[in-house]
Number of protein chains: 2
Amino acid sequence: MSKIIIYDTTLRDGAQTEGISFSVDDKLRITQRLDQLGVDYVEGGWPGANPKDIEFFKRIKKIKLTHARITAFGSTRHRAQTAESDPNLQLLLAADVPGITLFGKSWDLHVSKVLEISLEENLELIYDSLNYLVSKVDEVIYDAEHFFDGYKANPEYAIKTLKAAESAKAKYLVLCDTNGGTLPDEIGQIIDHVKREISTPLGIHTHNDAGLAVASSLVAIKHGVQHIHGTINGYGERCGNANLCVVIPNIKLKLKLDCISDEQLTQLTEISWFVSDLANLRHLPRQPYVGESAFAHKGGVHVSAVQKVARSYEHTQPELVGNKRKVLISDQSGQGAIVYKAKEYGLDLTKNTPEVRKLLSEVKQRELDGFQFEGAEGSFELMVKKAKGLHKKLFELIGFRVIVERREHDQEALAEATIKIRTPWGVEQTAADGDGPVDALNCALRKALEKFYPSIKEVKLIDYKVRIINEHEGTGAKTRVLLESEDEENSWSTVGVSTNIIEASWQALVDSIEYKLLKQEMQQELK
Amino acid sequence: MSKIIIYDTTLRDGAQTEGISFSVDDKLRITQRLDQLGVDYVEGGWPGANPKDIEFFKRIKKIKLTHARITAFGSTRHRAQTAESDPNLQLLLAADVPGITLFGKSWDLHVSKVLEISLEENLELIYDSLNYLVSKVDEVIYDAEHFFDGYKANPEYAIKTLKAAESAKAKYLVLCDTNGGTLPDEIGQIIDHVKREISTPLGIHTHNDAGLAVASSLVAIKHGVQHIHGTINGYGERCGNANLCVVIPNIKLKLKLDCISDEQLTQLTEISWFVSDLANLRHLPRQPYVGESAFAHKGGVHVSAVQKVARSYEHTQPELVGNKRKVLISDQSGQGAIVYKAKEYGLDLTKNTPEVRKLLSEVKQRELDGFQFEGAEGSFELMVKKAKGLHKKLFELIGFRVIVERREHDQEALAEATIKIRTPWGVEQTAADGDGPVDALNCALRKALEKFYPSIKEVKLIDYKVRIINEHEGTGAKTRVLLESEDEENSWSTVGVSTNIIEASWQALVDSIEYKLLKQEMQQELK
């Protein structure tokens with residue numbers, strides 16, 4: 001089989017995700033990354049539905065792309081218009097891009113109940129609109145909306161709609177499982193039937209409402225379809241579209257078919273993070289191939305087996321998609337995991353030594369107390385460095401006090417922290433206000449330390465998570481605080497646990513600052 | 001085909017998810033919900049790997065289940081032990097539950113490189129261990145770990161391992177795609193071959209590393225497998241296991257096969273939320289069937305089409321799985337929802353009255369500010385009652401002060417709250433200590449009010465949850481606190497939001513107490 005064509009619709013169908021709202025700049029940046037990734041088409045938007053998309057098409061023309069073709073998306077003409085007079089078709093042409101993707105109705109139910117026109121008239125809408133556009137632009141792709149539902153309801157009519165598009169000379173006919181409810185089996189059977197009637201190359205566009213969008217895309221390929229629609233991270237309305245971060249590696253690594261290059265495949269994890277950052281959605285850790293947990297090993301048995309033979313618990317090599325193996329530290333870890341982690345930190349540890357045994361029992365004890373090092377590797381790294389004797393106490397807490405006070409019923413509550421620490425240069429006592437008690441404590445600690453350790457100014461707290469561990473104890477429950485910090489080079493996370501949320505936050509704050517200072521010191525020693 | 005058997009491994013394989021750590025209480029509560037859902041087996045844990053699991057098996061015996069059978073999970077005997085002397089097999093028997101699921105190696109690579117024993121010896125391990133257990137417990141299930149990878153590497157040997165388990169009379173032989181990398185096609189073909197060699201009923205256990213776990217489970221069913229493993233929300237190591245929240249509705253609604261009842265299917269969305277709450281993981285909005293966005297309609301076209309003909313953009317009815325359609329609320333439908341809710345509280349409200357419009361805009365404003373009333377109906381009910389003028393101010397806060405202090409570095413932090421409130425009987429000022437700042441505030445508020453309203457003594461805080469809303473603001477982020485309270489009759493939940501966690505907790509505490517007092521008053525008036 002020749003090369004599989006990848007058609008990305010992150011910017012149009014993906015932007016329908018609840019909570020996503022891409023700016024024009026976001027869309028331009030994503031387009032460039034998709035181009036580098038080697039996708040063949042980037043569907044930029046729907047100029048008839050969205051003024052932002054009109055601006056996108058204007059600006060994208062000034063950007064040089066190496067491979068991807070931009071397409072504009074729209075619907076067949078309105079019944080009251082001719083193709084030439086239809087304002088939406090004119091907007092599509094005004095986008096002035098190499099390709100147009102036009103959707104039409106395949107399902108008789110939609111024609112009569114939603115469009116409220118006759119079946120015959122719908123065929124004319126499809127033919128006219130495509131025929132007109134084909135004479136004006138390089139490539140016109142036809143999206144057969146609800147094709148599979150339409151076929152199941154009225155196969156003869158669904159095929160007729162494709163024939164109308166074929167006779168208008170659309171380049172591809174894309175079969176859409178718009179509601180995402182068709183089983184892969186049915187997809188395969190229906191494609192086989194379509195291929196007996198239609199000779200135009202086919203495409204597939206699936207949704208994930210039954211958790212089967214990826215499987216259906218692969219089945220379509222097995223049945224001879226070469227043009228595959230999807231989105232980065234599977235974004236899309238309801239349960240999303242076929243996830244290209246899963247479909248592409250499956251095509252390359254499982255079906256062993258040609259599509260993007262091996263080199264481009266290694267960018268996949270990075271682009272997945274990039275798009276989720278711009279979408280302002282959490283990157284899903286359990287996402288196949290590109291998720292943070294996709295190659296994470298927790299149980300002691302798995303960790304030691306993976307160290308012996310990687311493929312014993314890994315279906316593919318993480319590096320191929322730009323991801324990496326992750327060994328999790330938890331109460332299920334063994335000595336092997338600790339040695340493995342220490343090596344990552346540039347430290348040599350040997351199994352069955354007292355220091356490794358001590359570290360392991362410390363991890364287990366602290367996890368029993370409610371700590372969790374999986375999400376707080378910074379705190380774990382600090383523990384390992386302390387065990388290796390690398391850690392000098394840079395400051396010591398003498399005491400702190402946090403006051404939250406609301407003096408009058410109509411006033412906002414105020415938070416103030418005072419802090420007293422011992423440094424090598426003497427005792428430092430100071431105070432600061434904050435948005436809340438933890439923020440105040442953070443500000444006071446930094447104020448006290450920055451004059452001795454100016455690099456602390458580089459540290460930004462970027463994430464703060466609170467989990468109540470034994471929730472059923474009510475307000476007397478234990479609190480686990482996870483802090484994520486970053487400087488110009490990297491990010492690290494630290495943890496604190498206490499029945500007192502202030503105390504727990506304090507522990508995580510101190511670990512974060514100590515992590516930064518220790519890293520800096522080790523780097524200076526290397527120089 | 002007769003009934004499909006559902007085997008849930010949320011508590012064992014699901015607990016391997018990065019970030020999940022179930023307490024014994026959590027596991028007991030989940031087991032009861034799974035039993036109500038109608039799953040056939042609940043795999044409770046691995047007594048050989050985890051002391052917490054031993055406690056689970058002890059306590060679950062005291063709980064009456066209506067349908068589900070509990071199983072304990074473990075591995076074949078160690079090579080240096082006999083089945084009788086093997087400590088892990090003894091721990092499995094000590095669990096004293098109706099079923100044991102034992103895993104063994106099918107892949108020659110694992111036998112020689114991970115176990116480091118001969119292929120022949122592995123067959124003995126499988127046979128001996130199963131044969132011994134079969135004589136001791138009702139049901140023994142064999143998990144053929146890495147079966148598909150093993151089959152692809154050495155089909156003859158993989159079949160031999162199944163034959164060893166068959167001759168030991170295991171009840172089911174479960175074929176595992178442990179690394180999750182096998183394509184559904186291959187799964188089907190391999191099952192067909194196994195069925196020619198093996199007559200024991202087969203099971204399927206898939207992982208989602210290639211995004212195909214659900215599809216592979218369905219293919220297995222098509223090829224005659226009746227015993228299906230999976231987890232709630234697809235939790236599990238790396239990319240997770242087959243998601244039962246997707247597999248079960250696909251079996252019922254797409255394949256039209258018998259498994260749990262229609263009535264039980266309507267509990268699916270609720271149990272999915274329940275488990276994600278206990279796992280303390282965010283519920284995935286795009287999760288098929290049970291996700292918050294699964295039936296959400298954003299585009300204007302879709303919304304109006306759905307209102308004309310629901311199935312035009314919905315592959316199934318959300319009510320069947322206990323989910324609901326979500327449409328961007330217009331003022332009209334929003335008012336309808338408020339009137340509907342008020343009726344539940346025994347209050348009459350009419351659409352298009354100023355009070356309903358005011359309530360609606362208040363709900364919208366507060367949700368914009370970060371409140372969430374779905375999980376805090378107590379606070380919403382209070383809002384409605386206030387709007388109806390039913391609420392008398394029973395007390396008014398003048399001010400509070402919370403101090404958290406650690407005086408010496410080796411001392412525990414202390415929390416103290418002082419509070420000043422106005423009651424109909426005068427100003428009350430008091431103070432109390434607590435485990436942390438919120439606990440101290442709770443104790444002080446009760447102390448101040450109990451002498452006027454002794455019924456407050458009946459109120460117990462049973463749950464306290466903290467969520468950071470805009471996490472990327474670091475410690476200056478907004479905090480949402482959810483409190484669950486109960487008295488002898490029922491439970492209610494309340495919410496508070498602020499950048500200051502103490503202030504947010506205070507709001508939720510006050511709502512909780514006001515809810516109680518107002519309910520009491522309305523009951524007295526009825527008498």
# chains A, B, ... in the order shown; residues from 1 in each chain; ligands from 1

call {"tool": "interface_residues", "arguments": {"of": "chain B", "to": "chain A", "cutoff": "6 Å", "atoms": "only C-alpha atoms", "output": "ChimeraX atom specification"}}
result
/B:114,179,181,209-211,238-239,286-288,293-296,313-315,397-409,435-436,439,461-464,471-472,474-476,500

call {"tool": "calpha_fit_rmsd", "arguments": {"fixed": "chain A", "moving": "chain B"}}
result
4.8 Å

call {"tool": "closest_residue", "arguments": {"among": "B:Lys386, B:Arg29, B:Lys252, B:Arg79", "to": "Val111 of chain B", "atoms": "only C-alpha atoms"}}
result
B:Arg79

call {"tool": "residues_around", "arguments": {"residues": "Glu450 of chain A", "least_positions_apart": "3", "cutoff": "12 Å", "atoms": "only C-alpha atoms", "output": "list in words"}}
result
Phe395, Thr423, Glu428, Thr430, Asn442, Cys443, Ala444, Leu445, Arg446, Lys447, Tyr453, Pro454, Ser455, Ile456, Lys457, Glu458, Val459, Ile513 and Leu517 of chain A

call {"tool": "select_by_dssp", "arguments": {"residues": "segment 216-376 of chain B", "states": "strand (DSSP E or B)", "output": "count of residues only"}}
result
11

call {"tool": "select_by_dssp", "arguments": {"residues": "segment 107-181 of chain B", "states": "helix (DSSP H, G or I)", "output": "MDAnalysis selection string"}}
result
chainID B and resid 108:115 119:134 147:153 155:167

call {"tool": "residues_around", "arguments": {"residues": "Leu202 of chain B", "least_positions_apart": "2", "cutoff": "8 Å", "atoms": "only C-alpha atoms", "output": "PDB file with C-alpha atoms, in the first residue's frame"}}
result
ATOM      1  CA  TYR B 172     -11.370 -19.901  33.027  1.00  0.00           C
ATOM      2  CA  LEU B 173      -8.190 -19.294  31.063  1.00  0.00           C
ATOM      3  CA  VAL B 174      -7.791 -15.540  30.671  1.00  0.00           C
ATOM      4  CA  LEU B 175      -5.731 -14.395  27.705  1.00  0.00           C
ATOM      5  CA  THR B 200     -11.894 -24.484  28.896  1.00  0.00           C
ATOM      6  CA  ILE B 204      -9.803 -11.589  27.841  1.00  0.00           C
ATOM      7  CA  VAL B 225     -14.944 -15.150  24.667  1.00  0.00           C
ATOM      8  CA  GLN B 226     -17.430 -14.576  27.496  1.00  0.00           C
ATOM      9  CA  HIS B 227     -15.331 -13.536  30.477  1.00  0.00           C
TER      10      HIS B 227
END

call {"tool": "atom_distance", "arguments": {"atom1": "atom CA of Phe57 of chain B", "atom2": "atom CA of Asp128 of chain B"}}
result
24.4 Å

call {"tool": "decode", "arguments": {"residues": "segment 30-62 of chain A", "atoms": "N, CA, C and O atoms", "output": "PDB file, in the first residue's frame"}}
result
ATOM      1  N   ILE A  30       0.247  26.339  16.024  1.00  0.00           N
ATOM      2  CA  ILE A  30      -0.046  24.903  15.907  1.00  0.00           C
ATOM      3  C   ILE A  30       0.149  24.454  14.460  1.00  0.00           C
ATOM      4  O   ILE A  30       0.697  23.385  14.196  1.00  0.00           O
ATOM      5  N   THR A  31      -0.287  25.272  13.515  1.00  0.00           N
ATOM      6  CA  THR A  31      -0.124  24.909  12.101  1.00  0.00           C
ATOM      7  C   THR A  31       1.349  24.654  11.779  1.00  0.00           C
ATOM      8  O   THR A  31       1.691  23.667  11.109  1.00  0.00           O
ATOM      9  N   GLN A  32       2.224  25.549  12.274  1.00  0.00           N
ATOM     10  CA  GLN A  32       3.647  25.357  11.984  1.00  0.00           C
ATOM     11  C   GLN A  32       4.182  24.052  12.570  1.00  0.00           C
ATOM     12  O   GLN A  32       4.968  23.346  11.951  1.00  0.00           O
ATOM     13  N   ARG A  33       3.720  23.734  13.788  1.00  0.00           N
ATOM     14  CA  ARG A  33       4.188  22.489  14.403  1.00  0.00           C
ATOM     15  C   ARG A  33       3.652  21.276  13.659  1.00  0.00           C
ATOM     16  O   ARG A  33       4.336  20.265  13.505  1.00  0.00           O
ATOM     17  N   LEU A  34       2.413  21.355  13.203  1.00  0.00           N
ATOM     18  CA  LEU A  34       1.836  20.230  12.444  1.00  0.00           C
ATOM     19  C   LEU A  34       2.603  20.046  11.140  1.00  0.00           C
ATOM     20  O   LEU A  34       2.830  18.920  10.689  1.00  0.00           O
ATOM     21  N   ASP A  35       3.000  21.156  10.548  1.00  0.00           N
ATOM     22  CA  ASP A  35       3.787  21.095   9.314  1.00  0.00           C
ATOM     23  C   ASP A  35       5.119  20.383   9.573  1.00  0.00           C
ATOM     24  O   ASP A  35       5.515  19.481   8.831  1.00  0.00           O
ATOM     25  N   GLN A  36       5.790  20.773  10.668  1.00  0.00           N
ATOM     26  CA  GLN A  36       7.043  20.092  11.019  1.00  0.00           C
ATOM     27  C   GLN A  36       6.818  18.605  11.291  1.00  0.00           C
ATOM     28  O   GLN A  36       7.664  17.770  10.988  1.00  0.00           O
ATOM     29  N   LEU A  37       5.670  18.306  11.896  1.00  0.00           N
ATOM     30  CA  LEU A  37       5.379  16.897  12.190  1.00  0.00           C
ATOM     31  C   LEU A  37       5.191  16.092  10.910  1.00  0.00           C
ATOM     32  O   LEU A  37       5.328  14.869  10.905  1.00  0.00           O
ATOM     33  N   GLY A  38       4.867  16.786   9.819  1.00  0.00           N
ATOM     34  CA  GLY A  38       4.743  16.080   8.544  1.00  0.00           C
ATOM     35  C   GLY A  38       3.335  15.670   8.169  1.00  0.00           C
ATOM     36  O   GLY A  38       3.151  14.832   7.285  1.00  0.00           O
ATOM     37  N   VAL A  39       2.304  16.276   8.820  1.00  0.00           N
ATOM     38  CA  VAL A  39       0.945  15.937   8.389  1.00  0.00           C
ATOM     39  C   VAL A  39       0.720  16.532   6.997  1.00  0.00           C
ATOM     40  O   VAL A  39       1.358  17.508   6.615  1.00  0.00           O
ATOM     41  N   ASP A  40      -0.182  15.906   6.240  1.00  0.00           N
ATOM     42  CA  ASP A  40      -0.352  16.303   4.840  1.00  0.00           C
ATOM     43  C   ASP A  40      -1.322  17.463   4.673  1.00  0.00           C
ATOM     44  O   ASP A  40      -1.148  18.293   3.787  1.00  0.00           O
ATOM     45  N   TYR A  41      -2.362  17.497   5.509  1.00  0.00           N
ATOM     46  CA  TYR A  41      -3.347  18.579   5.436  1.00  0.00           C
ATOM     47  C   TYR A  41      -3.576  19.152   6.826  1.00  0.00           C
ATOM     48  O   TYR A  41      -3.628  18.401   7.807  1.00  0.00           O
ATOM     49  N   VAL A  42      -3.735  20.460   6.889  1.00  0.00           N
ATOM     50  CA  VAL A  42      -4.159  21.114   8.131  1.00  0.00           C
ATOM     51  C   VAL A  42      -5.456  21.865   7.821  1.00  0.00           C
ATOM     52  O   VAL A  42      -5.456  22.816   7.037  1.00  0.00           O
ATOM     53  N   GLU A  43      -6.539  21.400   8.427  1.00  0.00           N
ATOM     54  CA  GLU A  43      -7.819  22.080   8.247  1.00  0.00           C
ATOM     55  C   GLU A  43      -7.835  23.290   9.181  1.00  0.00           C
ATOM     56  O   GLU A  43      -7.821  23.134  10.404  1.00  0.00           O
ATOM     57  N   GLY A  44      -7.840  24.471   8.603  1.00  0.00           N
ATOM     58  CA  GLY A  44      -7.609  25.677   9.408  1.00  0.00           C
ATOM     59  C   GLY A  44      -8.831  26.212  10.116  1.00  0.00           C
ATOM     60  O   GLY A  44      -8.707  26.864  11.148  1.00  0.00           O
ATOM     61  N   GLY A  45     -10.012  25.953   9.594  1.00  0.00           N
ATOM     62  CA  GLY A  45     -11.205  26.487  10.246  1.00  0.00           C
ATOM     63  C   GLY A  45     -12.374  26.584   9.294  1.00  0.00           C
ATOM     64  O   GLY A  45     -12.310  26.085   8.167  1.00  0.00           O
ATOM     65  N   TRP A  46     -13.425  27.210   9.777  1.00  0.00           N
ATOM     66  CA  TRP A  46     -14.685  27.322   9.036  1.00  0.00           C
ATOM     67  C   TRP A  46     -14.991  28.801   8.851  1.00  0.00           C
ATOM     68  O   TRP A  46     -15.617  29.417   9.718  1.00  0.00           O
ATOM     69  N   PRO A  47     -14.557  29.391   7.741  1.00  0.00           N
ATOM     70  CA  PRO A  47     -14.717  30.846   7.586  1.00  0.00           C
ATOM     71  C   PRO A  47     -16.177  31.286   7.644  1.00  0.00           C
ATOM     72  O   PRO A  47     -16.458  32.425   8.017  1.00  0.00           O
ATOM     73  N   GLY A  48     -17.104  30.404   7.314  1.00  0.00           N
ATOM     74  CA  GLY A  48     -18.518  30.789   7.345  1.00  0.00           C
ATOM     75  C   GLY A  48     -19.077  30.856   8.751  1.00  0.00           C
ATOM     76  O   GLY A  48     -20.127  31.439   8.982  1.00  0.00           O
ATOM     77  N   ALA A  49     -18.383  30.237   9.719  1.00  0.00           N
ATOM     78  CA  ALA A  49     -18.955  30.145  11.066  1.00  0.00           C
ATOM     79  C   ALA A  49     -18.220  31.024  12.055  1.00  0.00           C
ATOM     80  O   ALA A  49     -18.697  31.246  13.157  1.00  0.00           O
ATOM     81  N   ASN A  50     -17.068  31.527  11.682  1.00  0.00           N
ATOM     82  CA  ASN A  50     -16.197  32.104  12.696  1.00  0.00           C
ATOM     83  C   ASN A  50     -15.302  33.194  12.098  1.00  0.00           C
ATOM     84  O   ASN A  50     -14.426  32.909  11.282  1.00  0.00           O
ATOM     85  N   PRO A  51     -15.484  34.441  12.517  1.00  0.00           N
ATOM     86  CA  PRO A  51     -14.655  35.526  11.965  1.00  0.00           C
ATOM     87  C   PRO A  51     -13.173  35.355  12.287  1.00  0.00           C
ATOM     88  O   PRO A  51     -12.312  35.772  11.512  1.00  0.00           O
ATOM     89  N   LYS A  52     -12.853  34.729  13.453  1.00  0.00           N
ATOM     90  CA  LYS A  52     -11.454  34.470  13.800  1.00  0.00           C
ATOM     91  C   LYS A  52     -10.790  33.633  12.718  1.00  0.00           C
ATOM     92  O   LYS A  52      -9.619  33.780  12.409  1.00  0.00           O
ATOM     93  N   ASP A  53     -11.565  32.701  12.138  1.00  0.00           N
ATOM     94  CA  ASP A  53     -10.997  31.808  11.139  1.00  0.00           C
ATOM     95  C   ASP A  53     -10.660  32.554   9.855  1.00  0.00           C
ATOM     96  O   ASP A  53      -9.702  32.218   9.166  1.00  0.00           O
ATOM     97  N   ILE A  54     -11.433  33.582   9.537  1.00  0.00           N
ATOM     98  CA  ILE A  54     -11.124  34.391   8.349  1.00  0.00           C
ATOM     99  C   ILE A  54      -9.754  35.044   8.529  1.00  0.00           C
ATOM    100  O   ILE A  54      -8.919  35.035   7.632  1.00  0.00           O
ATOM    101  N   GLU A  55      -9.505  35.558   9.742  1.00  0.00           N
ATOM    102  CA  GLU A  55      -8.211  36.176  10.010  1.00  0.00           C
ATOM    103  C   GLU A  55      -7.085  35.144   9.916  1.00  0.00           C
ATOM    104  O   GLU A  55      -6.002  35.420   9.391  1.00  0.00           O
ATOM    105  N   PHE A  56      -7.349  33.942  10.427  1.00  0.00           N
ATOM    106  CA  PHE A  56      -6.345  32.877  10.339  1.00  0.00           C
ATOM    107  C   PHE A  56      -5.920  32.656   8.884  1.00  0.00           C
ATOM    108  O   PHE A  56      -4.734  32.596   8.563  1.00  0.00           O
ATOM    109  N   PHE A  57      -6.901  32.552   7.993  1.00  0.00           N
ATOM    110  CA  PHE A  57      -6.563  32.270   6.588  1.00  0.00           C
ATOM    111  C   PHE A  57      -5.772  33.423   5.970  1.00  0.00           C
ATOM    112  O   PHE A  57      -4.900  33.205   5.142  1.00  0.00           O
ATOM    113  N   LYS A  58      -6.056  34.632   6.416  1.00  0.00           N
ATOM    114  CA  LYS A  58      -5.310  35.781   5.914  1.00  0.00           C
ATOM    115  C   LYS A  58      -3.852  35.671   6.343  1.00  0.00           C
ATOM    116  O   LYS A  58      -2.924  35.838   5.545  1.00  0.00           O
ATOM    117  N   ARG A  59      -3.642  35.367   7.625  1.00  0.00           N
ATOM    118  CA  ARG A  59      -2.280  35.407   8.163  1.00  0.00           C
ATOM    119  C   ARG A  59      -1.456  34.168   7.813  1.00  0.00           C
ATOM    120  O   ARG A  59      -0.226  34.252   7.717  1.00  0.00           O
ATOM    121  N   ILE A  60      -2.102  33.038   7.642  1.00  0.00           N
ATOM    122  CA  ILE A  60      -1.327  31.814   7.388  1.00  0.00           C
ATOM    123  C   ILE A  60      -0.625  31.888   6.028  1.00  0.00           C
ATOM    124  O   ILE A  60       0.419  31.271   5.818  1.00  0.00           O
ATOM    125  N   LYS A  61      -1.187  32.696   5.123  1.00  0.00           N
ATOM    126  CA  LYS A  61      -0.582  32.787   3.785  1.00  0.00           C
ATOM    127  C   LYS A  61       0.811  33.403   3.829  1.00  0.00           C
ATOM    128  O   LYS A  61       1.613  33.189   2.938  1.00  0.00           O
ATOM    129  N   LYS A  62       1.081  34.175   4.890  1.00  0.00           N
ATOM    130  CA  LYS A  62       2.397  34.834   5.000  1.00  0.00           C
ATOM    131  C   LYS A  62       3.438  33.907   5.620  1.00  0.00           C
ATOM    132  O   LYS A  62       4.597  34.270   5.759  1.00  0.00           O
TER     133      LYS A  62
END
